[in-house]
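Reproduced below: entry-v2.pdb, with PDB, C-alpha atoms, pLDDT in the B column.
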```pdb
MODEL        1
ATOM      1  CA  MET V 717      99.915 286.101 230.305  1.00 86.00           C
ATOM      2  CA  LYS V 718     103.180 286.541 228.468  1.00 90.00           C
ATOM      3  CA  ARG V 719     103.694 289.013 225.633  1.00 95.00           C
ATOM      4  CA  PHE V 720     105.738 288.582 222.455  1.00 95.00           C
ATOM      5  CA  HIS V 721     108.481 291.209 222.073  1.00 96.00           C
ATOM      6  CA  VAL V 722     110.093 292.534 218.886  1.00 96.00           C
ATOM      7  CA  ASN V 723     112.711 295.278 218.613  1.00 95.00           C
ATOM      8  CA  VAL V 724     113.618 296.615 215.161  1.00 95.00           C
ATOM      9  CA  ARG V 725     116.549 298.960 214.455  1.00 93.00           C
ATOM     10  CA  VAL V 726     115.409 301.739 212.103  1.00 94.00           C
ATOM     11  CA  LYS V 727     117.149 304.335 209.934  1.00 93.00           C
ATOM     12  CA  ASN V 728     114.615 307.128 210.491  1.00 94.00           C
ATOM     13  CA  LEU V 729     112.694 307.049 213.778  1.00 95.00           C
ATOM     14  CA  GLN V 730     110.054 309.659 212.814  1.00 95.00           C
ATOM     15  CA  GLU V 731     109.269 307.963 209.515  1.00 94.00           C
ATOM     16  CA  SER V 732     109.108 304.527 211.130  1.00 93.00           C
ATOM     17  CA  THR V 733     107.002 305.794 214.038  1.00 94.00           C
ATOM     18  CA  ALA V 734     104.461 307.186 211.560  1.00 93.00           C
ATOM     19  CA  PHE V 735     104.497 303.913 209.602  1.00 90.00           C
ATOM     20  CA  TYR V 736     103.928 301.651 212.621  1.00 92.00           C
ATOM     21  CA  THR V 737     101.361 304.028 214.137  1.00 92.00           C
ATOM     22  CA  ALA V 738      99.340 303.601 210.940  1.00 90.00           C
ATOM     23  CA  VAL V 739      99.869 299.823 210.781  1.00 83.00           C
ATOM     24  CA  PHE V 740      98.874 299.288 214.431  1.00 91.00           C
ATOM     25  CA  GLY V 741      96.166 301.984 214.493  1.00 90.00           C
ATOM     26  CA  ALA V 742      97.663 303.285 217.747  1.00 94.00           C
ATOM     27  CA  LYS V 743     100.203 305.832 218.920  1.00 97.00           C
ATOM     28  CA  PRO V 744     103.316 304.630 220.781  1.00 97.00           C
ATOM     29  CA  THR V 745     102.989 304.158 224.531  1.00 97.00           C
ATOM     30  CA  VAL V 746     106.613 305.314 224.910  1.00 97.00           C
ATOM     31  CA  LEU V 747     108.156 307.883 222.568  1.00 98.00           C
ATOM     32  CA  LYS V 748     111.705 309.202 223.021  1.00 97.00           C
ATOM     33  CA  PRO V 749     114.081 310.900 220.552  1.00 96.00           C
ATOM     34  CA  ASP V 750     115.773 307.543 219.826  1.00 96.00           C
ATOM     35  CA  TYR V 751     113.094 304.990 220.738  1.00 97.00           C
ATOM     36  CA  ALA V 752     109.389 304.172 220.417  1.00 97.00           C
ATOM     37  CA  LYS V 753     107.349 301.333 221.883  1.00 97.00           C
ATOM     38  CA  TRP V 754     103.805 300.069 221.358  1.00 96.00           C
ATOM     39  CA  MET V 755     102.296 297.830 224.065  1.00 96.00           C
ATOM     40  CA  LEU V 756      99.549 296.320 221.957  1.00 95.00           C
ATOM     41  CA  GLU V 757      96.711 294.111 223.144  1.00 94.00           C
ATOM     42  CA  ASP V 758      95.532 293.008 219.695  1.00 86.00           C
ATOM     43  CA  PRO V 759      97.848 291.439 218.733  1.00 87.00           C
ATOM     44  CA  ARG V 760      99.401 291.066 222.206  1.00 93.00           C
ATOM     45  CA  VAL V 761     102.908 292.304 221.493  1.00 95.00           C
ATOM     46  CA  ASN V 762     105.551 294.671 222.874  1.00 95.00           C
ATOM     47  CA  PHE V 763     106.843 296.173 219.612  1.00 96.00           C
ATOM     48  CA  ALA V 764     109.762 298.599 219.854  1.00 96.00           C
ATOM     49  CA  ILE V 765     111.960 300.501 217.417  1.00 95.00           C
ATOM     50  CA  SER V 766     115.292 302.136 218.178  1.00 95.00           C
ATOM     51  CA  HIS V 767     117.284 304.600 216.109  1.00 95.00           C
ATOM     52  CA  HIS V 768     120.320 302.835 214.568  1.00 93.00           C
ATOM     53  CA  PRO V 769     120.707 304.091 210.978  1.00 93.00           C
ATOM     54  CA  GLU V 770     124.034 302.321 210.546  1.00 94.00           C
ATOM     55  CA  ASN V 771     122.588 298.861 211.167  1.00 91.00           C
ATOM     56  CA  ALA V 772     118.826 298.721 210.535  1.00 94.00           C
ATOM     57  CA  GLY V 773     116.879 295.467 210.834  1.00 92.00           C
ATOM     58  CA  ILE V 774     115.689 293.033 213.494  1.00 92.00           C
ATOM     59  CA  GLU V 775     117.435 293.864 216.765  1.00 92.00           C
ATOM     60  CA  HIS V 776     116.095 290.985 218.833  1.00 94.00           C
ATOM     61  CA  LEU V 777     112.976 289.006 219.717  1.00 94.00           C
ATOM     62  CA  GLY V 778     111.754 288.076 223.139  1.00 93.00           C
ATOM     63  CA  ILE V 779     109.133 287.038 225.605  1.00 93.00           C
ATOM     64  CA  GLN V 780     108.013 289.538 228.235  1.00 94.00           C
ATOM     65  CA  ALA V 781     106.682 288.035 231.460  1.00 95.00           C
ATOM     66  CA  GLU V 782     104.129 289.855 233.604  1.00 94.00           C
ATOM     67  CA  SER V 783     105.493 288.503 236.898  1.00 96.00           C
ATOM     68  CA  GLU V 784     108.648 287.035 238.403  1.00 95.00           C
ATOM     69  CA  GLU V 785     106.905 283.639 238.428  1.00 96.00           C
ATOM     70  CA  GLU V 786     106.225 283.820 234.683  1.00 94.00           C
ATOM     71  CA  LEU V 787     109.822 284.874 234.103  1.00 96.00           C
ATOM     72  CA  GLY V 788     110.882 281.687 235.904  1.00 94.00           C
ATOM     73  CA  GLU V 789     108.715 279.655 233.506  1.00 93.00           C
ATOM     74  CA  VAL V 790     110.223 281.340 230.447  1.00 92.00           C
ATOM     75  CA  TYR V 791     113.745 280.976 231.861  1.00 92.00           C
ATOM     76  CA  SER V 792     113.208 277.222 232.325  1.00 91.00           C
ATOM     77  CA  ARG V 793     112.295 277.027 228.627  1.00 90.00           C
ATOM     78  CA  LEU V 794     115.540 278.798 227.713  1.00 91.00           C
ATOM     79  CA  LYS V 795     117.430 276.069 229.576  1.00 91.00           C
ATOM     80  CA  LYS V 796     115.619 273.405 227.532  1.00 90.00           C
ATOM     81  CA  ALA V 797     116.682 275.156 224.311  1.00 90.00           C
ATOM     82  CA  LYS V 798     120.265 274.128 225.190  1.00 84.00           C
ATOM     83  CA  GLY V 799     121.964 277.346 224.141  1.00 87.00           C
ATOM     84  CA  ALA V 800     124.357 279.534 226.072  1.00 92.00           C
ATOM     85  CA  ILE V 801     122.249 281.710 228.390  1.00 94.00           C
ATOM     86  CA  ARG V 802     123.581 285.162 229.206  1.00 95.00           C
ATOM     87  CA  GLU V 803     122.059 286.203 232.518  1.00 94.00           C
ATOM     88  CA  GLU V 804     121.848 289.957 232.755  1.00 92.00           C
ATOM     89  CA  GLY V 805     119.820 290.130 235.961  1.00 92.00           C
ATOM     90  CA  LYS V 806     118.343 293.429 237.109  1.00 94.00           C
ATOM     91  CA  CYS V 807     119.173 296.292 234.771  1.00 92.00           C
ATOM     92  CA  THR V 808     118.010 299.518 233.172  1.00 89.00           C
ATOM     93  CA  CYS V 809     117.431 299.184 229.441  1.00 88.00           C
ATOM     94  CA  CYS V 810     115.072 300.692 226.866  1.00 88.00           C
ATOM     95  CA  TYR V 811     113.778 303.279 229.353  1.00 91.00           C
ATOM     96  CA  ALA V 812     112.676 300.519 231.740  1.00 92.00           C
ATOM     97  CA  LYS V 813     113.874 298.678 234.830  1.00 94.00           C
ATOM     98  CA  SER V 814     113.862 294.953 234.156  1.00 94.00           C
ATOM     99  CA  GLU V 815     115.302 291.584 234.975  1.00 95.00           C
ATOM    100  CA  LYS V 816     116.430 289.641 231.923  1.00 95.00           C
ATOM    101  CA  SER V 817     118.396 286.844 230.350  1.00 95.00           C
ATOM    102  CA  TRP V 818     119.462 286.286 226.739  1.00 95.00           C
ATOM    103  CA  ILE V 819     119.931 283.324 224.406  1.00 93.00           C
ATOM    104  CA  THR V 820     120.862 283.189 220.712  1.00 93.00           C
ATOM    105  CA  ASP V 821     118.961 280.907 218.327  1.00 90.00           C
ATOM    106  CA  PRO V 822     120.710 278.681 215.754  1.00 83.00           C
ATOM    107  CA  GLN V 823     120.406 281.424 213.095  1.00 81.00           C
ATOM    108  CA  GLY V 824     122.134 283.992 215.313  1.00 90.00           C
ATOM    109  CA  VAL V 825     118.990 285.893 216.380  1.00 91.00           C
ATOM    110  CA  ASP V 826     119.124 287.119 219.978  1.00 93.00           C
ATOM    111  CA  TRP V 827     116.124 286.345 222.205  1.00 93.00           C
ATOM    112  CA  GLU V 828     115.494 287.951 225.565  1.00 93.00           C
ATOM    113  CA  ALA V 829     113.339 286.718 228.423  1.00 93.00           C
ATOM    114  CA  PHE V 830     112.433 289.589 230.725  1.00 94.00           C
ATOM    115  CA  TYR V 831     110.173 291.013 233.400  1.00 96.00           C
ATOM    116  CA  THR V 832     109.744 294.800 233.580  1.00 93.00           C
ATOM    117  CA  PHE V 833     109.051 296.281 237.012  1.00 95.00           C
ATOM    118  CA  GLY V 834     109.536 300.021 236.482  1.00 94.00           C
ATOM    119  CA  GLU V 835     110.299 302.928 234.170  1.00 91.00           C
ATOM    120  CA  SER V 836     113.539 304.848 233.643  1.00 88.00           C
ATOM    121  CA  THR V 837     114.412 308.258 232.227  1.00 91.00           C
ATOM    122  CA  VAL V 838     117.512 306.847 230.462  1.00 88.00           C
ATOM    123  CA  TYR V 839     117.896 304.237 227.707  1.00 82.00           C
ATOM    124  CA  GLY V 840     120.417 302.202 229.695  1.00 84.00           C
ATOM    125  CA  GLU V 841     123.183 302.268 232.262  1.00 76.00           C
ATOM    126  CA  PRO V 842     126.841 302.355 231.143  1.00 66.00           C
ATOM    127  CA  GLN V 843     127.779 299.260 233.156  1.00 56.00           C
ATOM    128  CA  THR V 844     124.790 297.302 231.846  1.00 58.00           C
ATOM    129  CA  LYS V 845     124.887 295.266 228.654  1.00 58.00           C
ATOM    130  CA  CYS V 846     121.196 296.061 228.040  1.00 66.00           C
ATOM    131  CA  CYS V 847     120.266 295.097 224.503  1.00 66.00           C
ATOM    132  CA  PRO V 848     122.754 293.280 222.254  1.00 61.00           C
ATOM    133  CA  GLU V 849     123.673 296.521 220.426  1.00 51.00           C
ATOM    134  CA  ALA V 850     124.494 298.188 223.729  1.00 44.00           C
ATOM    135  CA  ALA V 851     126.746 295.278 224.675  1.00 45.00           C
ATOM    136  CA  ASP V 852     128.850 296.022 221.605  1.00 45.00           C
ATOM    137  CA  ALA V 853     129.152 299.684 222.613  1.00 39.00           C
ATOM    138  CA  ILE V 854     130.560 298.964 226.088  1.00 33.00           C
TER     139      ILE V 854
ENDMDL
END
```
Entire entry expressed as structure tokens:
Amino acid sequence: MKRFHVNVRVKNLQESTAFYTAVFGAKPTVLKPDYAKWMLEDPRVNFAISHHPENAGIEHLGIQAESEEELGEVYSRLKKAKGAIREEGKCTCCYAKSEKSWITDPQGVDWEAFYTFGESTVYGEPQTKCCPEAADAI
């Protein structure tokens, strides 16, 4: 079963973590000095926030697959959307090891399709584009 993914850039991580913990009725499953993530079952969503006070708002949306096979299904849907697909492949991003691709919707919102297969102690790797904001920093 796939999971909807949302990443929001926030001005104050502690304040936002407290807010979303109250809204979801659950503590984050991942909490770092610059990042928090809730892997919720009800509603089934991977909701993440990352500290970016200079540019707060929706970072990106996505669909998280639970297997490589599901990722193939989601990827085939990206092709049908007829946008430019940016294949990132295997990478380290958001304290996780994943395989991912990106597409931008007609309004300019970035969408990622990804499968996570491990954890990481770092947000991302310097040579990796990771999330769209990290691509701008490289």
Closest to Gly805 (chain V) among V:Ala738, V:Lys718, V:Gln780, V:Ser817, using all atoms listed in the file?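 Of the candidates, the smallest distance to Gly805 (chain V) is held by V:Ser817.
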Taking (115.1, 289.4, 223.2) in the file's own coordinates, collect the residues within 9 Å, counting all atoms listed in the file, and hand them back as a list in words.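 Nearby residues: His721, Val722, Asn723, Glu775, His776, Leu777, Gly778, Ile779, Gln780, Lys816, Ser817, Trp818, Ile819, Thr820, Val825, Asp826, Trp827, Glu828, Ala829, Phe830, Cys847 and Pro848 of chain V.
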3 Å per side around region 794-808 of chain V: axis-aligned box centre and edge lengths, as JSON:
```
{"center_x": 119.9, "center_y": 286.5, "center_z": 230.6, "size_x": 14.8, "size_y": 32.1, "size_z": 19.0}
```
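Of the listed residues (V:Thr837, V:Tyr831, V:Met755, V:Tyr811), V:Tyr831 comes nearest to Tyr791 (chain V); the distances count only C-alpha atoms.
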Determine, counting only C-alpha atoms, every residue of protein, DNA or RNA that lies within 12 Å of (96.9, 287.1, 219.1) in the file coordinates, then give the result as a list in words.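 In the file's frame, the residues around the point are Met717, Lys718, Arg719, Phe720, Leu756, Glu757, Asp758, Pro759, Arg760 and Val761 of chain V.
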Selection from above, C-alpha atoms, as a short mmCIF file (atom, residue, chain, number, x, y, z; two decimals), in the coordinates of the input, can you write it?
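Output below, filename out_29.cif:
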```cif
data_model
loop_
_atom_site.label_atom_id
_atom_site.label_comp_id
_atom_site.auth_asym_id
_atom_site.auth_seq_id
_atom_site.Cartn_x
_atom_site.Cartn_y
_atom_site.Cartn_z
CA MET V 717 99.92 286.10 230.30
CA LYS V 718 103.18 286.54 228.47
CA ARG V 719 103.69 289.01 225.63
CA PHE V 720 105.74 288.58 222.46
CA LEU V 756 99.55 296.32 221.96
CA GLU V 757 96.71 294.11 223.14
CA ASP V 758 95.53 293.01 219.70
CA PRO V 759 97.85 291.44 218.73
CA ARG V 760 99.40 291.07 222.21
CA VAL V 761 102.91 292.30 221.49
#
```
Determine, counting all atoms listed in the file, which protein, DNA and RNA residues have an atom within 9 Å of an atom of Thr733 (chain V); residues of the same chain fewer than 6 positions away are not included. Present the result as a list in words.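 The contact residues come out as Lys743, Pro744, Leu747, Ala752 and Ile765 of chain V.
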For the structure provided, state which residues fall under the PyMOL selection byres ((chain V and resi 773) around 9), and present them as a list in words. Asn723, Val724, Arg725, Val726, Lys727, His768, Asn771, Ala772, Ile774 and Glu775 of chain V
Could you work out how far CA of Phe763 (chain V) lies from CA of Gln730 (chain V), giving the answer in Å with one decimal?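 Between CA of Gln730 (chain V) and CA of Phe763 (chain V) the gap works out to 15.4 Å.
Here the question is which of V:His767, V:Ala812, V:Val746, V:Asn762 gets nearest to Ser732 (chain V) using all atoms listed in the file, and that residue is V:His767.
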Given the PyMOL selection byres ((chain V and resi 800) around 10), the residues it picks as a PyMOL selection string: chain V and resi 794-795+797-799+801-803+818-821
Can you work out the spacing between CA of Thr737 (chain V) and CA of Pro749 (chain V) in Å, to one decimal?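 Those two atoms sit 15.8 Å apart.
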What is the CA of Glu789 (chain V)-CA of Gly834 (chain V) distance in Å, reported with one decimal?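 Those two atoms sit 20.6 Å apart.
Between Leu787 (chain V) and the residues V:Cys810, V:Phe833, V:Asn728, V:Ala764, the shortest atom-to-atom distance, using only C-alpha atoms, involves V:Phe833.
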